[in-house]
Number of protein chains: 2
Amino acid sequence: MSLTHAILASLDFQPMTGYDLKKFFDVSVSHFWTTTQSHIYKALDDLEKEGWITGELIVQEGRPNRKVYRLTESGRAELRRWLTTPLPPAPVREAWLIQLFFSHASTDEEIIALLEARGRMIRDILETYETQTQSAVPADLPPGRERAQALWRMTLDYGIAFYEFELEWNQRMLERVRNLPPQSDSHHA
Amino acid sequence: MSLTHAILASLDFQPMTGYDLKKFFDVSVSHFWTTTQSHIYKALDDLEKEGWITGELIVQEGRPNRKVYRLTESGRAELRRWLTTPLPPAPVREAWLIQLFFSHASTDEEIIALLEARGRMIRDILETYETQTQSAVPADLPPGRERAQALWRMTLDYGIAFYEFELEWNQRMLERVRNLPPQSDSHHA
DNA sequence: AAATTCATGTAATAAGTTACATGATTCC
DNA sequence: GGAATCATGTAACTTATTACATGAATTT
């Protein structure tokens with residue numbers, strides 16, 4: 001699982017609570033990996049049982065107590081192992097290709113409408129993505145963080161490159177739909 | 001959910017059992033959508049409760065009985081509605097970008113090794129993908145299926161285009177890693 | 001003789017989302 | 001005065017995977 005390792009990696013930056021982690025994920029990896037509060041607290045439990053992190057209760061007045069987690073030695077080792085072990089590429093899983101695959105009974109116009117709607121949505125995402133990217137990576141990172149910053153940019157660029165690819169493919173398919181063989185009358189029994 | 005609608009669309013082709021559906025998915029949409037037996041049987045139950053399909057028990061001798069499902073009128077309507085409703089693009093969810101994002105403590109060589117391993121794996125997938133594509137789409141589809149066949153090809157091409165994109169991006173990132181800012185000694189507390 | 005196909009399903013577990021609950025404090 | 005922040009969690013549900021069970025018939 002990746003969430004657990006994202007947590008390990010984050011805690012290696014600095015000790016944090018579940019609440020801190022959620023905020024950190026939201027401003028850092030949320031472009032390619034989203035998660036929820038509940039899931040984070042569950043993962044923290046699992047990680048502690050595994051012995052990779054330890055939690056320390058910080059009692060507070062006026063506001064809820066905090067439970068600050070930090071890496072253990074075995075947690076740091078596990079993180080290092082995971083960070084240098086190539087993950088197998090995740091299989092393509094695109095629900096909307098199911099629509100395309102089964103559209104033989106739709107008219108050309110309906111398929112074109114589907115593709116165009118998708119094109120518009122991807123263009124929207126790209127636009128917000130590109131404006132966000134400017135502000136997302138803090139320009140004034142503390143010294144010694146340039147390396148992390150450069151990697152951060154690389155992951156942001158993946159998102160842009162991916163949606164640009166999607167847009168190109170969308171364009172190409174629009175042309176192909178115009179040369180689609182016609183529907184057969186005999187299709188439906 | 002998409003599995004249920006993939007089932008609806010398949011049953012519109014012809015009535016089938018859960019077993020048939022699994023085989024059909026394996027040779028058709030498995031390039032971009034995989035599923036399991038158990039999940040299919042569960043989805044069939046749900047679809048029947050929803051009133052979109054009806055099952056008919058076919059008693060057999062010598063081998064297990066079959067439960068053949070077919071679309072109802074409301075099922076056909078739901079299928080049509082779904083097929084013409086644009087799905088919102090799924091957010092990017094790439095576990096391995098987590099690795100890249102948190103690799104600031106790794107050496108350049110380690111990051112390069114990660115990228116190169118990934119490049120090799122993608123190249124492998126592309127190779128098998130391209131040979132499979134030749135044989136996957138039956139060339140001698142019954143007349144009137146040319147339209148379905150053309151759509152099939154489009155979805156197969158998506159897979160190829162996607163992995164080619166991944167490979168390109170991989171290449172570009174390898175160049176960028178060679179210009180990464182160095183690690184800071186002060187990183188670890 | 002052993003493996004595979006046919007065909008159903010259950011059980012267990014993992015991964016992930018949504019909604020709810022609490023209660024003081026601080027910001028608008 | 002109302003909303004948002006801080007900070008924990010539980011509960012219910014959905015989605016998906018893995019493993020197991022059955023038992024005749026067919027293929028290797």
# chains A, B, ... in the order shown; residues from 1 in each chain; ligands from 1
>>> interface_residues(of="chain B", to="chain D", cutoff="9 Å", atoms="only C-alpha atoms (C1' of nucleotides)", output="list in words")
Met1, Thr35, Thr36, His39, Gly62, Arg63 and Pro64 of chain B
>>> write_last_selection(atoms="N, CA and C atoms", output="PDB file, in the first residue's frame")
ATOM      1  N   MET B   1     -20.898   3.490 -10.569  1.00  0.00           N
ATOM      2  CA  MET B   1     -19.901   2.431 -10.733  1.00  0.00           C
ATOM      3  C   MET B   1     -19.870   1.949 -12.177  1.00  0.00           C
ATOM      4  N   THR B  35     -11.477  -7.174 -13.696  1.00  0.00           N
ATOM      5  CA  THR B  35     -12.418  -7.457 -12.610  1.00  0.00           C
ATOM      6  C   THR B  35     -12.295  -8.920 -12.230  1.00  0.00           C
ATOM      7  N   THR B  36     -13.053  -9.308 -11.231  1.00  0.00           N
ATOM      8  CA  THR B  36     -12.957 -10.671 -10.740  1.00  0.00           C
ATOM      9  C   THR B  36     -14.331 -11.325 -10.727  1.00  0.00           C
ATOM     10  N   HIS B  39     -16.687 -10.398  -7.881  1.00  0.00           N
ATOM     11  CA  HIS B  39     -17.232  -9.070  -8.042  1.00  0.00           C
ATOM     12  C   HIS B  39     -18.378  -9.077  -9.049  1.00  0.00           C
ATOM     13  N   GLY B  62     -25.093 -33.167 -15.701  1.00  0.00           N
ATOM     14  CA  GLY B  62     -23.672 -33.443 -15.862  1.00  0.00           C
ATOM     15  C   GLY B  62     -22.785 -32.267 -15.541  1.00  0.00           C
ATOM     16  N   ARG B  63     -23.308 -31.047 -15.673  1.00  0.00           N
ATOM     17  CA  ARG B  63     -22.513 -29.878 -15.318  1.00  0.00           C
ATOM     18  C   ARG B  63     -23.382 -28.882 -14.553  1.00  0.00           C
ATOM     19  N   PRO B  64     -22.724 -27.930 -13.868  1.00  0.00           N
ATOM     20  CA  PRO B  64     -23.492 -27.003 -13.010  1.00  0.00           C
ATOM     21  C   PRO B  64     -24.568 -26.255 -13.796  1.00  0.00           C
TER      22      PRO B  64
END
>>> interface_residues(of="chain C", to="chain A", cutoff="12 Å", atoms="only C-alpha atoms (C1' of nucleotides)", output="ChimeraX atom specification")
/C:14-20,22-26
>>> write_last_selection(atoms="N, CA and C atoms (P, O5', C5', C4', C3', O3' and C1' of nucleotides)", output="short mmCIF file (atom, residue, chain, number, x, y, z; two decimals), in the first residue's frame")
data_model
loop_
_atom_site.label_atom_id
_atom_site.label_comp_id
_atom_site.auth_asym_id
_atom_site.auth_seq_id
_atom_site.Cartn_x
_atom_site.Cartn_y
_atom_site.Cartn_z
P DA C 14 -5.88 -7.62 5.66
"O5'" DA C 14 -5.99 -6.63 4.42
"C5'" DA C 14 -5.69 -7.11 3.11
"C4'" DA C 14 -6.04 -6.04 2.12
"C3'" DA C 14 -5.62 -4.64 2.55
"O3'" DA C 14 -4.99 -4.09 1.41
"C1'" DA C 14 -7.91 -4.67 1.96
P DA C 15 -4.26 -2.72 1.40
"O5'" DA C 15 -5.39 -1.80 0.79
"C5'" DA C 15 -5.91 -2.12 -0.49
"C4'" DA C 15 -6.81 -1.01 -0.92
"C3'" DA C 15 -6.34 0.37 -0.49
"O3'" DA C 15 -6.49 1.19 -1.62
"C1'" DA C 15 -8.54 -0.03 0.32
P DG C 16 -6.08 2.71 -1.59
"O5'" DG C 16 -7.48 3.39 -1.26
"C5'" DG C 16 -8.51 3.38 -2.26
"C4'" DG C 16 -9.77 3.96 -1.67
"C3'" DG C 16 -9.59 5.33 -1.03
"O3'" DG C 16 -10.16 6.29 -1.91
"C1'" DG C 16 -11.08 3.91 0.19
P DT C 17 -10.38 7.81 -1.45
"O5'" DT C 17 -11.90 7.79 -1.00
"C5'" DT C 17 -12.87 7.20 -1.87
"C4'" DT C 17 -14.26 7.45 -1.33
"C3'" DT C 17 -14.52 8.88 -0.86
"O3'" DT C 17 -15.74 9.30 -1.46
"C1'" DT C 17 -15.09 7.33 0.86
P DT C 18 -16.28 10.78 -1.22
"O5'" DT C 18 -17.31 10.61 -0.01
"C5'" DT C 18 -18.26 9.56 -0.08
"C4'" DT C 18 -19.24 9.69 1.08
"C3'" DT C 18 -19.49 11.12 1.55
"O3'" DT C 18 -20.89 11.28 1.71
"C1'" DT C 18 -18.76 9.77 3.37
P DA C 19 -21.51 12.69 2.23
"O5'" DA C 19 -21.85 12.31 3.74
"C5'" DA C 19 -22.34 11.01 4.04
"C4'" DA C 19 -22.47 10.85 5.54
"C3'" DA C 19 -22.79 12.15 6.29
"O3'" DA C 19 -23.85 11.87 7.19
"C1'" DA C 19 -20.94 11.09 7.27
P DC C 20 -24.47 13.05 8.10
"O5'" DC C 20 -23.86 12.73 9.54
"C5'" DC C 20 -24.09 11.44 10.11
"C4'" DC C 20 -23.24 11.30 11.36
"C3'" DC C 20 -23.40 12.44 12.36
"O3'" DC C 20 -23.99 11.91 13.55
"C1'" DC C 20 -21.11 11.85 12.05
P DT C 22 -22.26 14.53 20.19
"O5'" DT C 22 -20.85 15.08 20.72
"C5'" DT C 22 -19.87 14.19 21.23
"C4'" DT C 22 -18.56 14.93 21.39
"C3'" DT C 22 -18.72 16.35 21.94
"O3'" DT C 22 -18.26 16.38 23.27
"C1'" DT C 22 -17.14 16.23 20.15
P DG C 23 -18.97 17.39 24.34
"O5'" DG C 23 -17.98 18.62 24.34
"C5'" DG C 23 -16.58 18.45 24.54
"C4'" DG C 23 -15.89 19.72 24.14
"C3'" DG C 23 -16.75 20.97 24.33
"O3'" DG C 23 -15.91 22.00 24.82
"C1'" DG C 23 -15.94 20.92 22.18
P DA C 24 -16.47 23.15 25.74
"O5'" DA C 24 -15.24 24.17 25.76
"C5'" DA C 24 -13.95 23.69 26.13
"C4'" DA C 24 -12.92 24.27 25.19
"C3'" DA C 24 -12.93 25.80 25.12
"O3'" DA C 24 -11.64 26.29 25.42
"C1'" DA C 24 -13.04 24.86 22.93
P DT C 25 -11.36 27.84 25.48
"O5'" DT C 25 -10.94 28.20 23.99
"C5'" DT C 25 -9.78 27.57 23.41
"C4'" DT C 25 -9.61 28.10 22.00
"C3'" DT C 25 -9.58 29.62 21.91
"O3'" DT C 25 -8.45 29.99 21.13
"C1'" DT C 25 -11.09 28.72 20.34
P DT C 26 -7.77 31.43 21.33
"O5'" DT C 26 -7.67 31.93 19.82
"C5'" DT C 26 -7.37 31.01 18.77
"C4'" DT C 26 -8.14 31.38 17.53
"C3'" DT C 26 -8.12 32.87 17.19
"O3'" DT C 26 -7.69 32.99 15.86
"C1'" DT C 26 -10.28 31.99 16.97
#
>>> select_by_dssp(residues="segment 30-173 of chain A", states="strand (DSSP E)", output="list in words")
Ile53, Thr54, Gly55, Glu56, Leu57, Ile58, Arg66, Lys67, Val68, Tyr69, Arg70 and Leu71 of chain A
>>> atom_distance(atom1="atom CA of Leu8 of chain A", atom2="atom CA of Gln171 of chain B")
28.3 Å
>>> residues_around(residues="Leu44 of chain A", least_positions_apart="4", cutoff="12 Å", atoms="only C-alpha atoms (C1' of nucleotides)", output="ChimeraX atom specification")
/A:3-8,11,16-19,21-22,37-40,48-55,67-71
>>> closest_residue(among="B:Gly75, B:Pro15, B:Pro181, B:Gly119", to="chain A", atoms="only C-alpha atoms")
B:Pro181
>>> select_by_dssp(residues="chain A", states="helix (DSSP H, G or I)", output="PDB file with C-alpha atoms, in the first residue's frame")
ATOM      1  CA  LEU A   3      -0.534   5.637   1.797  1.00  0.00           C
ATOM      2  CA  THR A   4       1.413   3.998   4.601  1.00  0.00           C
ATOM      3  CA  HIS A   5       4.658   4.721   2.832  1.00  0.00           C
ATOM      4  CA  ALA A   6       3.658   8.261   2.010  1.00  0.00           C
ATOM      5  CA  ILE A   7       3.118   8.684   5.743  1.00  0.00           C
ATOM      6  CA  LEU A   8       6.502   7.177   6.567  1.00  0.00           C
ATOM      7  CA  ALA A   9       8.164   9.515   4.090  1.00  0.00           C
ATOM      8  CA  SER A  10       6.342  12.541   5.489  1.00  0.00           C
ATOM      9  CA  LEU A  11       7.252  11.715   9.062  1.00  0.00           C
ATOM     10  CA  ASP A  12      10.869  11.472   7.960  1.00  0.00           C
ATOM     11  CA  PHE A  13      10.576  15.165   7.056  1.00  0.00           C
ATOM     12  CA  GLY A  18      -2.754  12.758  11.684  1.00  0.00           C
ATOM     13  CA  TYR A  19      -4.207  16.201  11.322  1.00  0.00           C
ATOM     14  CA  ASP A  20      -0.869  17.642  10.204  1.00  0.00           C
ATOM     15  CA  LEU A  21      -0.435  14.822   7.701  1.00  0.00           C
ATOM     16  CA  LYS A  22      -3.779  15.497   6.078  1.00  0.00           C
ATOM     17  CA  LYS A  23      -2.900  19.156   5.622  1.00  0.00           C
ATOM     18  CA  PHE A  24       0.539  18.287   4.313  1.00  0.00           C
ATOM     19  CA  PHE A  25      -0.857  15.804   1.777  1.00  0.00           C
ATOM     20  CA  ASP A  26      -3.403  18.344   0.618  1.00  0.00           C
ATOM     21  CA  VAL A  27      -0.736  20.857  -0.350  1.00  0.00           C
ATOM     22  CA  VAL A  29       0.886  15.095  -3.197  1.00  0.00           C
ATOM     23  CA  SER A  30      -2.822  15.762  -3.695  1.00  0.00           C
ATOM     24  CA  HIS A  31      -2.212  16.273  -7.424  1.00  0.00           C
ATOM     25  CA  GLN A  37      -8.701  11.836   7.400  1.00  0.00           C
ATOM     26  CA  SER A  38     -10.223   8.538   8.430  1.00  0.00           C
ATOM     27  CA  HIS A  39      -7.902   6.610   6.225  1.00  0.00           C
ATOM     28  CA  ILE A  40      -4.878   8.379   7.629  1.00  0.00           C
ATOM     29  CA  TYR A  41      -5.819   7.611  11.245  1.00  0.00           C
ATOM     30  CA  LYS A  42      -6.345   3.985  10.316  1.00  0.00           C
ATOM     31  CA  ALA A  43      -2.984   3.835   8.548  1.00  0.00           C
ATOM     32  CA  LEU A  44      -1.273   5.430  11.571  1.00  0.00           C
ATOM     33  CA  ASP A  45      -2.699   2.662  13.774  1.00  0.00           C
ATOM     34  CA  ASP A  46      -1.446   0.019  11.366  1.00  0.00           C
ATOM     35  CA  LEU A  47       1.992   1.614  11.153  1.00  0.00           C
ATOM     36  CA  GLU A  48       2.291   1.765  14.924  1.00  0.00           C
ATOM     37  CA  LYS A  49       1.290  -1.897  15.272  1.00  0.00           C
ATOM     38  CA  GLU A  50       3.921  -2.700  12.658  1.00  0.00           C
ATOM     39  CA  GLU A  73      14.628   2.841  13.319  1.00  0.00           C
ATOM     40  CA  SER A  74      12.825  -0.027  11.584  1.00  0.00           C
ATOM     41  CA  GLY A  75      10.435   2.494  10.071  1.00  0.00           C
ATOM     42  CA  ARG A  76      13.319   4.430   8.590  1.00  0.00           C
ATOM     43  CA  ALA A  77      14.774   1.194   7.206  1.00  0.00           C
ATOM     44  CA  GLU A  78      11.438   0.216   5.673  1.00  0.00           C
ATOM     45  CA  LEU A  79      11.112   3.649   4.096  1.00  0.00           C
ATOM     46  CA  ARG A  80      14.538   3.371   2.562  1.00  0.00           C
ATOM     47  CA  ARG A  81      13.800  -0.085   1.238  1.00  0.00           C
ATOM     48  CA  TRP A  82      10.525   1.046  -0.317  1.00  0.00           C
ATOM     49  CA  LEU A  83      11.985   4.197  -1.844  1.00  0.00           C
ATOM     50  CA  ALA A  95     -13.888   3.722 -16.747  1.00  0.00           C
ATOM     51  CA  TRP A  96     -14.745   6.002 -19.591  1.00  0.00           C
ATOM     52  CA  LEU A  97     -13.108   3.661 -22.141  1.00  0.00           C
ATOM     53  CA  ILE A  98     -15.906   1.253 -21.227  1.00  0.00           C
ATOM     54  CA  GLN A  99     -18.295   3.828 -22.603  1.00  0.00           C
ATOM     55  CA  LEU A 100     -16.346   4.140 -25.821  1.00  0.00           C
ATOM     56  CA  PHE A 101     -15.952   0.391 -26.153  1.00  0.00           C
ATOM     57  CA  SER A 103     -20.823   2.763 -28.014  1.00  0.00           C
ATOM     58  CA  HIS A 104     -21.470   0.805 -31.204  1.00  0.00           C
ATOM     59  CA  ALA A 105     -25.205   1.380 -30.808  1.00  0.00           C
ATOM     60  CA  ASP A 108     -21.652   9.197 -34.509  1.00  0.00           C
ATOM     61  CA  GLU A 109     -23.018  12.446 -33.101  1.00  0.00           C
ATOM     62  CA  GLU A 110     -23.473  10.918 -29.658  1.00  0.00           C
ATOM     63  CA  ILE A 111     -19.933   9.574 -29.620  1.00  0.00           C
ATOM     64  CA  ILE A 112     -18.575  12.905 -30.819  1.00  0.00           C
ATOM     65  CA  ALA A 113     -20.544  14.687 -28.079  1.00  0.00           C
ATOM     66  CA  LEU A 114     -19.002  12.343 -25.511  1.00  0.00           C
ATOM     67  CA  LEU A 115     -15.482  13.009 -26.771  1.00  0.00           C
ATOM     68  CA  GLU A 116     -16.028  16.749 -26.969  1.00  0.00           C
ATOM     69  CA  ALA A 117     -17.432  16.903 -23.449  1.00  0.00           C
ATOM     70  CA  ARG A 118     -14.386  15.041 -22.250  1.00  0.00           C
ATOM     71  CA  GLY A 119     -12.091  17.371 -24.153  1.00  0.00           C
ATOM     72  CA  ARG A 120     -13.695  20.361 -22.472  1.00  0.00           C
ATOM     73  CA  MET A 121     -13.337  18.840 -19.025  1.00  0.00           C
ATOM     74  CA  ILE A 122      -9.686  18.006 -19.582  1.00  0.00           C
ATOM     75  CA  ARG A 123      -8.999  21.517 -20.854  1.00  0.00           C
ATOM     76  CA  ASP A 124     -10.586  22.894 -17.687  1.00  0.00           C
ATOM     77  CA  ILE A 125      -8.410  20.707 -15.515  1.00  0.00           C
ATOM     78  CA  LEU A 126      -5.299  21.730 -17.435  1.00  0.00           C
ATOM     79  CA  GLU A 127      -6.092  25.400 -16.989  1.00  0.00           C
ATOM     80  CA  THR A 128      -6.572  25.274 -13.233  1.00  0.00           C
ATOM     81  CA  TYR A 129      -3.611  22.918 -13.012  1.00  0.00           C
ATOM     82  CA  GLU A 130      -1.286  25.297 -14.772  1.00  0.00           C
ATOM     83  CA  THR A 131      -2.247  28.313 -12.696  1.00  0.00           C
ATOM     84  CA  GLN A 132      -2.020  26.312  -9.476  1.00  0.00           C
ATOM     85  CA  THR A 133       1.401  25.021 -10.357  1.00  0.00           C
ATOM     86  CA  GLN A 134       2.846  28.506 -10.214  1.00  0.00           C
ATOM     87  CA  SER A 135       1.763  29.006  -6.621  1.00  0.00           C
ATOM     88  CA  ALA A 136       1.967  25.442  -5.382  1.00  0.00           C
ATOM     89  CA  GLU A 146      16.124  22.766  -3.497  1.00  0.00           C
ATOM     90  CA  ARG A 147      16.390  19.085  -4.244  1.00  0.00           C
ATOM     91  CA  ALA A 148      12.978  18.322  -2.752  1.00  0.00           C
ATOM     92  CA  GLN A 149      11.580  21.296  -4.626  1.00  0.00           C
ATOM     93  CA  ALA A 150      12.915  20.055  -7.957  1.00  0.00           C
ATOM     94  CA  LEU A 151      11.332  16.641  -7.388  1.00  0.00           C
ATOM     95  CA  TRP A 152       8.095  18.328  -6.424  1.00  0.00           C
ATOM     96  CA  ARG A 153       8.108  20.171  -9.752  1.00  0.00           C
ATOM     97  CA  MET A 154       8.701  16.926 -11.605  1.00  0.00           C
ATOM     98  CA  THR A 155       5.573  15.375 -10.130  1.00  0.00           C
ATOM     99  CA  LEU A 156       3.539  18.479 -10.907  1.00  0.00           C
ATOM    100  CA  ASP A 157       4.790  18.357 -14.483  1.00  0.00           C
ATOM    101  CA  TYR A 158       3.605  14.787 -14.754  1.00  0.00           C
ATOM    102  CA  GLY A 159       0.041  15.933 -14.232  1.00  0.00           C
ATOM    103  CA  ILE A 160       0.311  18.549 -16.937  1.00  0.00           C
ATOM    104  CA  ALA A 161       2.023  16.190 -19.369  1.00  0.00           C
ATOM    105  CA  PHE A 162      -0.607  13.537 -18.715  1.00  0.00           C
ATOM    106  CA  TYR A 163      -3.577  15.784 -19.390  1.00  0.00           C
ATOM    107  CA  GLU A 164      -1.874  17.152 -22.495  1.00  0.00           C
ATOM    108  CA  PHE A 165      -1.507  13.582 -23.694  1.00  0.00           C
ATOM    109  CA  GLU A 166      -5.174  12.941 -22.956  1.00  0.00           C
ATOM    110  CA  LEU A 167      -6.127  15.994 -24.964  1.00  0.00           C
ATOM    111  CA  GLU A 168      -4.034  14.922 -27.938  1.00  0.00           C
ATOM    112  CA  TRP A 169      -5.540  11.470 -27.899  1.00  0.00           C
ATOM    113  CA  ASN A 170      -8.988  12.970 -27.638  1.00  0.00           C
ATOM    114  CA  GLN A 171      -8.261  15.053 -30.732  1.00  0.00           C
ATOM    115  CA  ARG A 172      -7.032  12.070 -32.695  1.00  0.00           C
ATOM    116  CA  MET A 173     -10.094  10.015 -31.755  1.00  0.00           C
ATOM    117  CA  LEU A 174     -12.460  12.769 -32.833  1.00  0.00           C
ATOM    118  CA  GLU A 175     -11.019  12.471 -36.315  1.00  0.00           C
ATOM    119  CA  ARG A 176     -11.379   8.715 -36.262  1.00  0.00           C
ATOM    120  CA  VAL A 177     -14.998   8.820 -35.192  1.00  0.00           C
ATOM    121  CA  ASP A 185     -29.732  -2.414 -38.494  1.00  0.00           C
ATOM    122  CA  SER A 186     -29.451  -6.069 -37.601  1.00  0.00           C
ATOM    123  CA  HIS A 187     -27.617  -5.387 -34.369  1.00  0.00           C
TER     124      HIS A 187
END
